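S.K.: For reference, this is structure_27.txt, and it has compact mmCIF, N, CA and C atoms.
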```txt
# COMPACT_ATOMS: atom_id res chain seq x y z
N MET A 1 -43.27 28.90 -14.07
CA MET A 1 -42.71 29.38 -15.32
C MET A 1 -43.60 30.46 -15.95
N ASP A 2 -44.90 30.36 -15.73
CA ASP A 2 -45.80 31.36 -16.31
C ASP A 2 -45.51 32.75 -15.77
N GLU A 3 -45.20 32.83 -14.48
CA GLU A 3 -44.89 34.11 -13.87
C GLU A 3 -43.62 34.71 -14.49
N VAL A 4 -42.62 33.86 -14.70
CA VAL A 4 -41.36 34.32 -15.29
C VAL A 4 -41.58 34.78 -16.73
N LYS A 5 -42.37 34.03 -17.48
CA LYS A 5 -42.66 34.41 -18.86
C LYS A 5 -43.37 35.76 -18.91
N LYS A 6 -44.30 35.97 -17.97
CA LYS A 6 -45.01 37.24 -17.90
C LYS A 6 -44.04 38.38 -17.58
N MET A 7 -43.12 38.14 -16.67
CA MET A 7 -42.13 39.15 -16.31
C MET A 7 -41.29 39.52 -17.52
N LEU A 8 -40.89 38.52 -18.28
CA LEU A 8 -40.09 38.80 -19.48
C LEU A 8 -40.88 39.62 -20.49
N ALA A 9 -42.13 39.27 -20.67
CA ALA A 9 -42.99 40.00 -21.61
C ALA A 9 -43.15 41.45 -21.19
N GLU A 10 -43.10 41.69 -19.88
CA GLU A 10 -43.25 43.04 -19.36
C GLU A 10 -41.91 43.77 -19.23
N GLY A 11 -40.83 43.13 -19.65
CA GLY A 11 -39.52 43.77 -19.62
C GLY A 11 -38.78 43.68 -18.30
N GLN A 12 -39.25 42.85 -17.40
CA GLN A 12 -38.60 42.69 -16.09
C GLN A 12 -37.56 41.57 -16.19
N VAL A 13 -36.55 41.81 -17.01
CA VAL A 13 -35.57 40.78 -17.35
C VAL A 13 -34.72 40.37 -16.15
N GLU A 14 -34.19 41.33 -15.42
CA GLU A 14 -33.33 41.01 -14.28
C GLU A 14 -34.08 40.19 -13.23
N GLN A 15 -35.31 40.57 -12.95
CA GLN A 15 -36.10 39.84 -11.96
C GLN A 15 -36.38 38.42 -12.43
N ALA A 16 -36.66 38.27 -13.72
CA ALA A 16 -36.92 36.94 -14.27
C ALA A 16 -35.68 36.06 -14.17
N ILE A 17 -34.52 36.62 -14.49
CA ILE A 17 -33.27 35.86 -14.40
C ILE A 17 -33.02 35.44 -12.95
N TYR A 18 -33.27 36.33 -12.02
CA TYR A 18 -33.09 36.00 -10.60
C TYR A 18 -33.97 34.81 -10.21
N LEU A 19 -35.24 34.87 -10.59
CA LEU A 19 -36.15 33.77 -10.26
C LEU A 19 -35.73 32.46 -10.93
N LEU A 20 -35.27 32.56 -12.16
CA LEU A 20 -34.81 31.36 -12.88
C LEU A 20 -33.56 30.78 -12.22
N ASN A 21 -32.66 31.65 -11.78
CA ASN A 21 -31.46 31.17 -11.08
C ASN A 21 -31.87 30.39 -9.83
N GLU A 22 -32.80 30.95 -9.06
CA GLU A 22 -33.27 30.28 -7.85
C GLU A 22 -33.95 28.95 -8.19
N TYR A 23 -34.74 28.95 -9.23
CA TYR A 23 -35.46 27.74 -9.64
C TYR A 23 -34.48 26.65 -10.07
N LEU A 24 -33.45 27.04 -10.83
CA LEU A 24 -32.51 26.06 -11.36
C LEU A 24 -31.60 25.47 -10.27
N ILE A 25 -31.42 26.19 -9.18
CA ILE A 25 -30.67 25.62 -8.06
C ILE A 25 -31.40 24.38 -7.54
N LYS A 26 -32.72 24.46 -7.48
CA LYS A 26 -33.53 23.36 -6.96
C LYS A 26 -33.92 22.35 -8.03
N ASN A 27 -33.91 22.78 -9.30
CA ASN A 27 -34.35 21.93 -10.42
C ASN A 27 -33.32 21.98 -11.55
N PRO A 28 -32.12 21.44 -11.32
CA PRO A 28 -31.04 21.61 -12.31
C PRO A 28 -31.25 20.85 -13.62
N ASN A 29 -32.24 19.98 -13.69
CA ASN A 29 -32.47 19.23 -14.91
C ASN A 29 -33.71 19.69 -15.67
N GLU A 30 -34.12 20.92 -15.44
CA GLU A 30 -35.33 21.47 -16.06
C GLU A 30 -34.93 22.25 -17.32
N ASP A 31 -35.03 21.58 -18.47
CA ASP A 31 -34.57 22.21 -19.71
C ASP A 31 -35.36 23.47 -20.06
N GLU A 32 -36.65 23.50 -19.73
CA GLU A 32 -37.45 24.68 -20.06
C GLU A 32 -36.93 25.92 -19.34
N ALA A 33 -36.47 25.76 -18.11
CA ALA A 33 -35.95 26.89 -17.35
C ALA A 33 -34.67 27.43 -18.00
N TYR A 34 -33.81 26.54 -18.47
CA TYR A 34 -32.61 26.99 -19.18
C TYR A 34 -32.98 27.71 -20.47
N PHE A 35 -33.95 27.17 -21.18
CA PHE A 35 -34.41 27.80 -22.42
C PHE A 35 -34.94 29.21 -22.15
N ILE A 36 -35.78 29.33 -21.14
CA ILE A 36 -36.36 30.64 -20.82
C ILE A 36 -35.27 31.60 -20.34
N ARG A 37 -34.33 31.09 -19.53
CA ARG A 37 -33.24 31.95 -19.07
C ARG A 37 -32.38 32.37 -20.25
N GLY A 38 -32.21 31.49 -21.23
CA GLY A 38 -31.50 31.87 -22.45
C GLY A 38 -32.21 32.99 -23.17
N ASN A 39 -33.54 32.90 -23.24
CA ASN A 39 -34.32 33.97 -23.86
C ASN A 39 -34.16 35.28 -23.10
N ALA A 40 -34.12 35.19 -21.79
CA ALA A 40 -33.96 36.39 -20.96
C ALA A 40 -32.60 37.04 -21.23
N TYR A 41 -31.56 36.23 -21.25
CA TYR A 41 -30.23 36.79 -21.53
C TYR A 41 -30.15 37.36 -22.94
N SER A 42 -30.81 36.71 -23.88
CA SER A 42 -30.83 37.22 -25.25
C SER A 42 -31.52 38.58 -25.30
N LYS A 43 -32.62 38.68 -24.59
CA LYS A 43 -33.37 39.94 -24.54
C LYS A 43 -32.52 41.05 -23.91
N LYS A 44 -31.69 40.65 -22.97
CA LYS A 44 -30.81 41.58 -22.28
C LYS A 44 -29.60 41.97 -23.15
N GLY A 45 -29.34 41.18 -24.19
CA GLY A 45 -28.20 41.45 -25.07
C GLY A 45 -26.95 40.69 -24.67
N ASP A 46 -27.06 39.79 -23.71
CA ASP A 46 -25.93 38.97 -23.27
C ASP A 46 -25.99 37.64 -24.03
N PHE A 47 -25.48 37.68 -25.26
CA PHE A 47 -25.63 36.54 -26.15
C PHE A 47 -24.79 35.34 -25.72
N ARG A 48 -23.66 35.58 -25.09
CA ARG A 48 -22.84 34.46 -24.63
C ARG A 48 -23.60 33.65 -23.58
N GLN A 49 -24.21 34.34 -22.61
CA GLN A 49 -24.99 33.64 -21.59
C GLN A 49 -26.22 32.97 -22.20
N ALA A 50 -26.83 33.64 -23.17
CA ALA A 50 -27.99 33.05 -23.85
C ALA A 50 -27.60 31.73 -24.51
N LEU A 51 -26.50 31.75 -25.26
CA LEU A 51 -26.06 30.53 -25.94
C LEU A 51 -25.73 29.42 -24.94
N ASN A 52 -25.07 29.77 -23.85
CA ASN A 52 -24.74 28.77 -22.83
C ASN A 52 -26.01 28.12 -22.25
N ASN A 53 -27.02 28.93 -22.00
CA ASN A 53 -28.27 28.39 -21.46
C ASN A 53 -28.98 27.52 -22.48
N TYR A 54 -28.97 27.93 -23.74
CA TYR A 54 -29.58 27.10 -24.78
C TYR A 54 -28.85 25.76 -24.87
N LEU A 55 -27.51 25.79 -24.77
CA LEU A 55 -26.75 24.54 -24.81
C LEU A 55 -27.10 23.65 -23.63
N ASN A 56 -27.25 24.24 -22.45
CA ASN A 56 -27.65 23.45 -21.27
C ASN A 56 -29.01 22.80 -21.50
N ALA A 57 -29.94 23.54 -22.04
CA ALA A 57 -31.28 23.00 -22.31
C ALA A 57 -31.20 21.86 -23.31
N MET A 58 -30.40 22.03 -24.35
CA MET A 58 -30.27 21.01 -25.39
C MET A 58 -29.57 19.75 -24.86
N GLU A 59 -28.66 19.93 -23.92
CA GLU A 59 -27.99 18.78 -23.33
C GLU A 59 -28.98 17.92 -22.54
N ILE A 60 -29.91 18.58 -21.85
CA ILE A 60 -30.92 17.86 -21.08
C ILE A 60 -31.98 17.27 -22.00
N ASN A 61 -32.40 18.06 -22.99
CA ASN A 61 -33.46 17.63 -23.90
C ASN A 61 -33.07 18.03 -25.33
N PRO A 62 -32.56 17.09 -26.11
CA PRO A 62 -32.14 17.41 -27.48
C PRO A 62 -33.26 17.96 -28.36
N ASP A 63 -34.51 17.74 -27.98
CA ASP A 63 -35.63 18.25 -28.76
C ASP A 63 -36.17 19.58 -28.22
N SER A 64 -35.44 20.19 -27.32
CA SER A 64 -35.86 21.45 -26.72
C SER A 64 -35.97 22.54 -27.78
N PRO A 65 -36.89 23.49 -27.60
CA PRO A 65 -36.95 24.63 -28.52
C PRO A 65 -35.67 25.47 -28.46
N ALA A 66 -34.83 25.20 -27.48
CA ALA A 66 -33.54 25.90 -27.38
C ALA A 66 -32.67 25.60 -28.60
N LYS A 67 -32.88 24.46 -29.22
CA LYS A 67 -32.09 24.09 -30.40
C LYS A 67 -32.30 25.12 -31.52
N GLN A 68 -33.55 25.47 -31.77
CA GLN A 68 -33.85 26.46 -32.80
C GLN A 68 -33.39 27.85 -32.37
N ALA A 69 -33.59 28.19 -31.10
CA ALA A 69 -33.16 29.50 -30.60
C ALA A 69 -31.65 29.64 -30.71
N HIS A 70 -30.91 28.59 -30.38
CA HIS A 70 -29.45 28.60 -30.48
C HIS A 70 -29.03 28.82 -31.92
N SER A 71 -29.64 28.08 -32.82
CA SER A 71 -29.31 28.20 -34.23
C SER A 71 -29.57 29.62 -34.75
N MET A 72 -30.71 30.18 -34.39
CA MET A 72 -31.06 31.53 -34.85
C MET A 72 -30.08 32.56 -34.29
N LEU A 73 -29.73 32.44 -33.02
CA LEU A 73 -28.82 33.39 -32.41
C LEU A 73 -27.42 33.28 -33.02
N MET A 74 -27.00 32.07 -33.33
CA MET A 74 -25.69 31.89 -33.98
C MET A 74 -25.68 32.56 -35.36
N LYS A 75 -26.78 32.44 -36.10
CA LYS A 75 -26.86 33.10 -37.41
C LYS A 75 -26.80 34.61 -37.27
N ILE A 76 -27.48 35.13 -36.27
CA ILE A 76 -27.45 36.58 -36.03
C ILE A 76 -26.03 37.01 -35.68
N MET A 77 -25.37 36.28 -34.82
CA MET A 77 -24.01 36.64 -34.41
C MET A 77 -23.04 36.54 -35.58
N GLU A 78 -23.19 35.51 -36.40
CA GLU A 78 -22.33 35.39 -37.57
C GLU A 78 -22.53 36.55 -38.52
N PHE A 79 -23.77 36.98 -38.68
CA PHE A 79 -24.06 38.13 -39.54
C PHE A 79 -23.37 39.37 -39.02
N TYR A 80 -23.54 39.63 -37.72
CA TYR A 80 -22.94 40.85 -37.15
C TYR A 80 -21.41 40.78 -37.18
N ASN A 81 -20.84 39.64 -36.90
CA ASN A 81 -19.38 39.53 -36.91
C ASN A 81 -18.84 39.72 -38.31
N LYS A 82 -19.47 39.15 -39.31
CA LYS A 82 -19.02 39.35 -40.69
C LYS A 82 -19.17 40.82 -41.08
N ASP A 83 -20.24 41.42 -40.63
CA ASP A 83 -20.49 42.81 -40.97
C ASP A 83 -19.44 43.73 -40.37
N MET A 84 -18.92 43.40 -39.21
CA MET A 84 -17.89 44.23 -38.58
C MET A 84 -16.68 44.37 -39.47
N TYR A 85 -16.34 43.32 -40.19
CA TYR A 85 -15.16 43.34 -41.02
C TYR A 85 -15.37 44.11 -42.32
N ASN A 86 -16.61 44.48 -42.62
CA ASN A 86 -16.90 45.19 -43.87
C ASN A 86 -16.84 46.70 -43.73
N HIS A 87 -16.47 47.22 -42.58
CA HIS A 87 -16.44 48.67 -42.38
C HIS A 87 -15.13 49.24 -42.84
```
Here is the file; what I need is its structure written in the form of structure tokens.
M.R.:
Amino acid sequence: MDEVKKMLAEGQVEQAIYLLNEYLIKNPNEDEAYFIRGNAYSKKGDFRQALNNYLNAMEINPDSPAKQAHSMLMKIMEFYNKDMYNH
């Protein structure tokens, strides 16, 4: 996971997602991997995939930091969606 986190910090989002996909095939109950993949998708701007990964992490571990990340991303999306209607 440290290597993937480093890749994300360096902006290598696609490579990090690829490694996380491979990791999750072998470790489907690893909530941290879903959380990190959610962060990667969020960084990429794919909020739907980010939310899905956060939900997967929360399903495995209700105390996952994905819970806070999911909540924050939902607030951001609600803000942007409401703002669209104000134009």
S.K.: Using only N, CA and C atoms, which protein or nucleic acid residues come within 8 Å of stretch 18-26 of chain A? Drop anything in the same chain fewer than 6 positions from it, and give the result as a PyMOL selection string.
M.R.: chain A and resi 4+12+33-34+36-37
S.K.: Go through A:Arg48, A:Met72, A:Glu3, A:Asp31 one by one, measure the shortest atom-to-atom distance of each to A:Ile60 using only N, CA and C atoms, and give the residue with the smallest value.
M.R.: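 Ranked by minimum distance to A:Ile60, first place goes to A:Asp31.
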S.K.: I'd like to know which of A:Leu51, A:Glu10, A:Ala66, A:Ala16 is closest to A:Phe35, using only C-alpha atoms.
M.R.: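 Closest to A:Phe35 of all the choices is A:Ala66.
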S.K.: Just to confirm, what's the straight-line distance from atom C of A:Asn27 to atom CA of A:Lys44 in Å (one decimal)?
M.R.: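 Distance reported for this atom pair: 22.5 Å.
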S.K.: So how far away is atom CA of A:Pro65 from atom CA of A:Leu8, in Å?
M.R.: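 According to the coordinates, atom CA of A:Leu8 and atom CA of A:Pro65 are separated by 17.1 Å.
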S.K.: Do you have the atom CA of A:Ala9-atom CA of A:Asn29 distance handy?
M.R.: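 Spanning atom CA of A:Ala9 to atom CA of A:Asn29 is a straight-line distance of 24.2 Å.
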S.K.: If you count only C-alpha atoms, which residues fall within 7 Å of stretch 39-42 of chain A, apart from same-chain ones fewer than 4 positions away, as a PyMOL selection string?
M.R.: chain A and resi 8+13+17+35+46-47+49-50
S.K.: Among chain A, which ones does DSSP assign to alpha helix (DSSP H) (computed from the backbone)? Answer as a CSV table (one decimal) with N, CA and C atoms, in the frame of the given file.
M.R.:
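The result, stored in selection.csv:
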```
chain,number,residue,atom,x,y,z
A,2,ASP,N,-44.9,30.4,-15.7
A,2,ASP,CA,-45.8,31.4,-16.3
A,2,ASP,C,-45.5,32.8,-15.8
A,3,GLU,N,-45.2,32.8,-14.5
A,3,GLU,CA,-44.9,34.1,-13.9
A,3,GLU,C,-43.6,34.7,-14.5
A,4,VAL,N,-42.6,33.9,-14.7
A,4,VAL,CA,-41.4,34.3,-15.3
A,4,VAL,C,-41.6,34.8,-16.7
A,5,LYS,N,-42.4,34.0,-17.5
A,5,LYS,CA,-42.7,34.4,-18.9
A,5,LYS,C,-43.4,35.8,-18.9
A,6,LYS,N,-44.3,36.0,-18.0
A,6,LYS,CA,-45.0,37.2,-17.9
A,6,LYS,C,-44.0,38.4,-17.6
A,7,MET,N,-43.1,38.1,-16.7
A,7,MET,CA,-42.1,39.2,-16.3
A,7,MET,C,-41.3,39.5,-17.5
A,8,LEU,N,-40.9,38.5,-18.3
A,8,LEU,CA,-40.1,38.8,-19.5
A,8,LEU,C,-40.9,39.6,-20.5
A,9,ALA,N,-42.1,39.3,-20.7
A,9,ALA,CA,-43.0,40.0,-21.6
A,9,ALA,C,-43.2,41.4,-21.2
A,13,VAL,N,-36.6,41.8,-17.0
A,13,VAL,CA,-35.6,40.8,-17.4
A,13,VAL,C,-34.7,40.4,-16.2
A,14,GLU,N,-34.2,41.3,-15.4
A,14,GLU,CA,-33.3,41.0,-14.3
A,14,GLU,C,-34.1,40.2,-13.2
A,15,GLN,N,-35.3,40.6,-13.0
A,15,GLN,CA,-36.1,39.8,-12.0
A,15,GLN,C,-36.4,38.4,-12.4
A,16,ALA,N,-36.7,38.3,-13.7
A,16,ALA,CA,-36.9,36.9,-14.3
A,16,ALA,C,-35.7,36.1,-14.2
A,17,ILE,N,-34.5,36.6,-14.5
A,17,ILE,CA,-33.3,35.9,-14.4
A,17,ILE,C,-33.0,35.4,-13.0
A,18,TYR,N,-33.3,36.3,-12.0
A,18,TYR,CA,-33.1,36.0,-10.6
A,18,TYR,C,-34.0,34.8,-10.2
A,19,LEU,N,-35.2,34.9,-10.6
A,19,LEU,CA,-36.2,33.8,-10.3
A,19,LEU,C,-35.7,32.5,-10.9
A,20,LEU,N,-35.3,32.6,-12.2
A,20,LEU,CA,-34.8,31.4,-12.9
A,20,LEU,C,-33.6,30.8,-12.2
A,21,ASN,N,-32.7,31.6,-11.8
A,21,ASN,CA,-31.5,31.2,-11.1
A,21,ASN,C,-31.9,30.4,-9.8
A,22,GLU,N,-32.8,31.0,-9.1
A,22,GLU,CA,-33.3,30.3,-7.8
A,22,GLU,C,-34.0,29.0,-8.2
A,23,TYR,N,-34.7,29.0,-9.2
A,23,TYR,CA,-35.5,27.7,-9.6
A,23,TYR,C,-34.5,26.6,-10.1
A,24,LEU,N,-33.4,27.0,-10.8
A,24,LEU,CA,-32.5,26.1,-11.4
A,24,LEU,C,-31.6,25.5,-10.3
A,25,ILE,N,-31.4,26.2,-9.2
A,25,ILE,CA,-30.7,25.6,-8.1
A,25,ILE,C,-31.4,24.4,-7.5
A,26,LYS,N,-32.7,24.5,-7.5
A,26,LYS,CA,-33.5,23.4,-7.0
A,26,LYS,C,-33.9,22.4,-8.0
A,31,ASP,N,-35.0,21.6,-18.5
A,31,ASP,CA,-34.6,22.2,-19.7
A,31,ASP,C,-35.4,23.5,-20.1
A,32,GLU,N,-36.6,23.5,-19.7
A,32,GLU,CA,-37.4,24.7,-20.1
A,32,GLU,C,-36.9,25.9,-19.3
A,33,ALA,N,-36.5,25.8,-18.1
A,33,ALA,CA,-36.0,26.9,-17.4
A,33,ALA,C,-34.7,27.4,-18.0
A,34,TYR,N,-33.8,26.5,-18.5
A,34,TYR,CA,-32.6,27.0,-19.2
A,34,TYR,C,-33.0,27.7,-20.5
A,35,PHE,N,-34.0,27.2,-21.2
A,35,PHE,CA,-34.4,27.8,-22.4
A,35,PHE,C,-34.9,29.2,-22.2
A,36,ILE,N,-35.8,29.3,-21.1
A,36,ILE,CA,-36.4,30.6,-20.8
A,36,ILE,C,-35.3,31.6,-20.3
A,37,ARG,N,-34.3,31.1,-19.5
A,37,ARG,CA,-33.2,32.0,-19.1
A,37,ARG,C,-32.4,32.4,-20.2
A,38,GLY,N,-32.2,31.5,-21.2
A,38,GLY,CA,-31.5,31.9,-22.4
A,38,GLY,C,-32.2,33.0,-23.2
A,39,ASN,N,-33.5,32.9,-23.2
A,39,ASN,CA,-34.3,34.0,-23.9
A,39,ASN,C,-34.2,35.3,-23.1
A,40,ALA,N,-34.1,35.2,-21.8
A,40,ALA,CA,-34.0,36.4,-21.0
A,40,ALA,C,-32.6,37.0,-21.2
A,41,TYR,N,-31.6,36.2,-21.2
A,41,TYR,CA,-30.2,36.8,-21.5
A,41,TYR,C,-30.2,37.4,-22.9
A,42,SER,N,-30.8,36.7,-23.9
A,42,SER,CA,-30.8,37.2,-25.2
A,42,SER,C,-31.5,38.6,-25.3
A,43,LYS,N,-32.6,38.7,-24.6
A,43,LYS,CA,-33.4,39.9,-24.5
A,43,LYS,C,-32.5,41.0,-23.9
A,44,LYS,N,-31.7,40.6,-23.0
A,44,LYS,CA,-30.8,41.6,-22.3
A,44,LYS,C,-29.6,42.0,-23.2
A,47,PHE,N,-25.5,37.7,-25.3
A,47,PHE,CA,-25.6,36.5,-26.2
A,47,PHE,C,-24.8,35.3,-25.7
A,48,ARG,N,-23.7,35.6,-25.1
A,48,ARG,CA,-22.8,34.5,-24.6
A,48,ARG,C,-23.6,33.6,-23.6
A,49,GLN,N,-24.2,34.3,-22.6
A,49,GLN,CA,-25.0,33.6,-21.6
A,49,GLN,C,-26.2,33.0,-22.2
A,50,ALA,N,-26.8,33.6,-23.2
A,50,ALA,CA,-28.0,33.0,-23.8
A,50,ALA,C,-27.6,31.7,-24.5
A,51,LEU,N,-26.5,31.8,-25.3
A,51,LEU,CA,-26.1,30.5,-25.9
A,51,LEU,C,-25.7,29.4,-24.9
A,52,ASN,N,-25.1,29.8,-23.8
A,52,ASN,CA,-24.7,28.8,-22.8
A,52,ASN,C,-26.0,28.1,-22.2
A,53,ASN,N,-27.0,28.9,-22.0
A,53,ASN,CA,-28.3,28.4,-21.5
A,53,ASN,C,-29.0,27.5,-22.5
A,54,TYR,N,-29.0,27.9,-23.7
A,54,TYR,CA,-29.6,27.1,-24.8
A,54,TYR,C,-28.8,25.8,-24.9
A,55,LEU,N,-27.5,25.8,-24.8
A,55,LEU,CA,-26.8,24.5,-24.8
A,55,LEU,C,-27.1,23.6,-23.6
A,56,ASN,N,-27.2,24.2,-22.4
A,56,ASN,CA,-27.6,23.4,-21.3
A,56,ASN,C,-29.0,22.8,-21.5
A,57,ALA,N,-29.9,23.5,-22.0
A,57,ALA,CA,-31.3,23.0,-22.3
A,57,ALA,C,-31.2,21.9,-23.3
A,58,MET,N,-30.4,22.0,-24.4
A,58,MET,CA,-30.3,21.0,-25.4
A,58,MET,C,-29.6,19.8,-24.9
A,59,GLU,N,-28.7,19.9,-23.9
A,59,GLU,CA,-28.0,18.8,-23.3
A,59,GLU,C,-29.0,17.9,-22.5
A,60,ILE,N,-29.9,18.6,-21.8
A,60,ILE,CA,-30.9,17.9,-21.1
A,60,ILE,C,-32.0,17.3,-22.0
A,66,ALA,N,-34.8,25.2,-27.5
A,66,ALA,CA,-33.5,25.9,-27.4
A,66,ALA,C,-32.7,25.6,-28.6
A,67,LYS,N,-32.9,24.5,-29.2
A,67,LYS,CA,-32.1,24.1,-30.4
A,67,LYS,C,-32.3,25.1,-31.5
A,68,GLN,N,-33.6,25.5,-31.8
A,68,GLN,CA,-33.8,26.5,-32.8
A,68,GLN,C,-33.4,27.8,-32.4
A,69,ALA,N,-33.6,28.2,-31.1
A,69,ALA,CA,-33.2,29.5,-30.6
A,69,ALA,C,-31.6,29.6,-30.7
A,70,HIS,N,-30.9,28.6,-30.4
A,70,HIS,CA,-29.4,28.6,-30.5
A,70,HIS,C,-29.0,28.8,-31.9
A,71,SER,N,-29.6,28.1,-32.8
A,71,SER,CA,-29.3,28.2,-34.2
A,71,SER,C,-29.6,29.6,-34.8
A,72,MET,N,-30.7,30.2,-34.4
A,72,MET,CA,-31.1,31.5,-34.8
A,72,MET,C,-30.1,32.6,-34.3
A,73,LEU,N,-29.7,32.4,-33.0
A,73,LEU,CA,-28.8,33.4,-32.4
A,73,LEU,C,-27.4,33.3,-33.0
A,74,MET,N,-27.0,32.1,-33.3
A,74,MET,CA,-25.7,31.9,-34.0
A,74,MET,C,-25.7,32.6,-35.4
A,75,LYS,N,-26.8,32.4,-36.1
A,75,LYS,CA,-26.9,33.1,-37.4
A,75,LYS,C,-26.8,34.6,-37.3
A,76,ILE,N,-27.5,35.1,-36.3
A,76,ILE,CA,-27.4,36.6,-36.0
A,76,ILE,C,-26.0,37.0,-35.7
A,77,MET,N,-25.4,36.3,-34.8
A,77,MET,CA,-24.0,36.6,-34.4
A,77,MET,C,-23.0,36.5,-35.6
A,78,GLU,N,-23.2,35.5,-36.4
A,78,GLU,CA,-22.3,35.4,-37.6
A,78,GLU,C,-22.5,36.6,-38.5
A,79,PHE,N,-23.8,37.0,-38.7
A,79,PHE,CA,-24.1,38.1,-39.5
A,79,PHE,C,-23.4,39.4,-39.0
A,80,TYR,N,-23.5,39.6,-37.7
A,80,TYR,CA,-22.9,40.8,-37.2
A,80,TYR,C,-21.4,40.8,-37.2
A,81,ASN,N,-20.8,39.6,-36.9
A,81,ASN,CA,-19.4,39.5,-36.9
A,81,ASN,C,-18.8,39.7,-38.3
A,82,LYS,N,-19.5,39.2,-39.3
A,82,LYS,CA,-19.0,39.4,-40.7
A,82,LYS,C,-19.2,40.8,-41.1
A,83,ASP,N,-20.2,41.4,-40.6
A,83,ASP,CA,-20.5,42.8,-41.0
A,83,ASP,C,-19.4,43.7,-40.4
A,84,MET,N,-18.9,43.4,-39.2
A,84,MET,CA,-17.9,44.2,-38.6
A,84,MET,C,-16.7,44.4,-39.5
```
S.K.: Under the rule that only C-alpha atoms are counted, which of A:Asp63, A:Ala69, A:Asp2, A:Met7 is the nearest residue to A:Gly38?
M.R.: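 Answer, going by the shortest atom-to-atom distance: A:Ala69.
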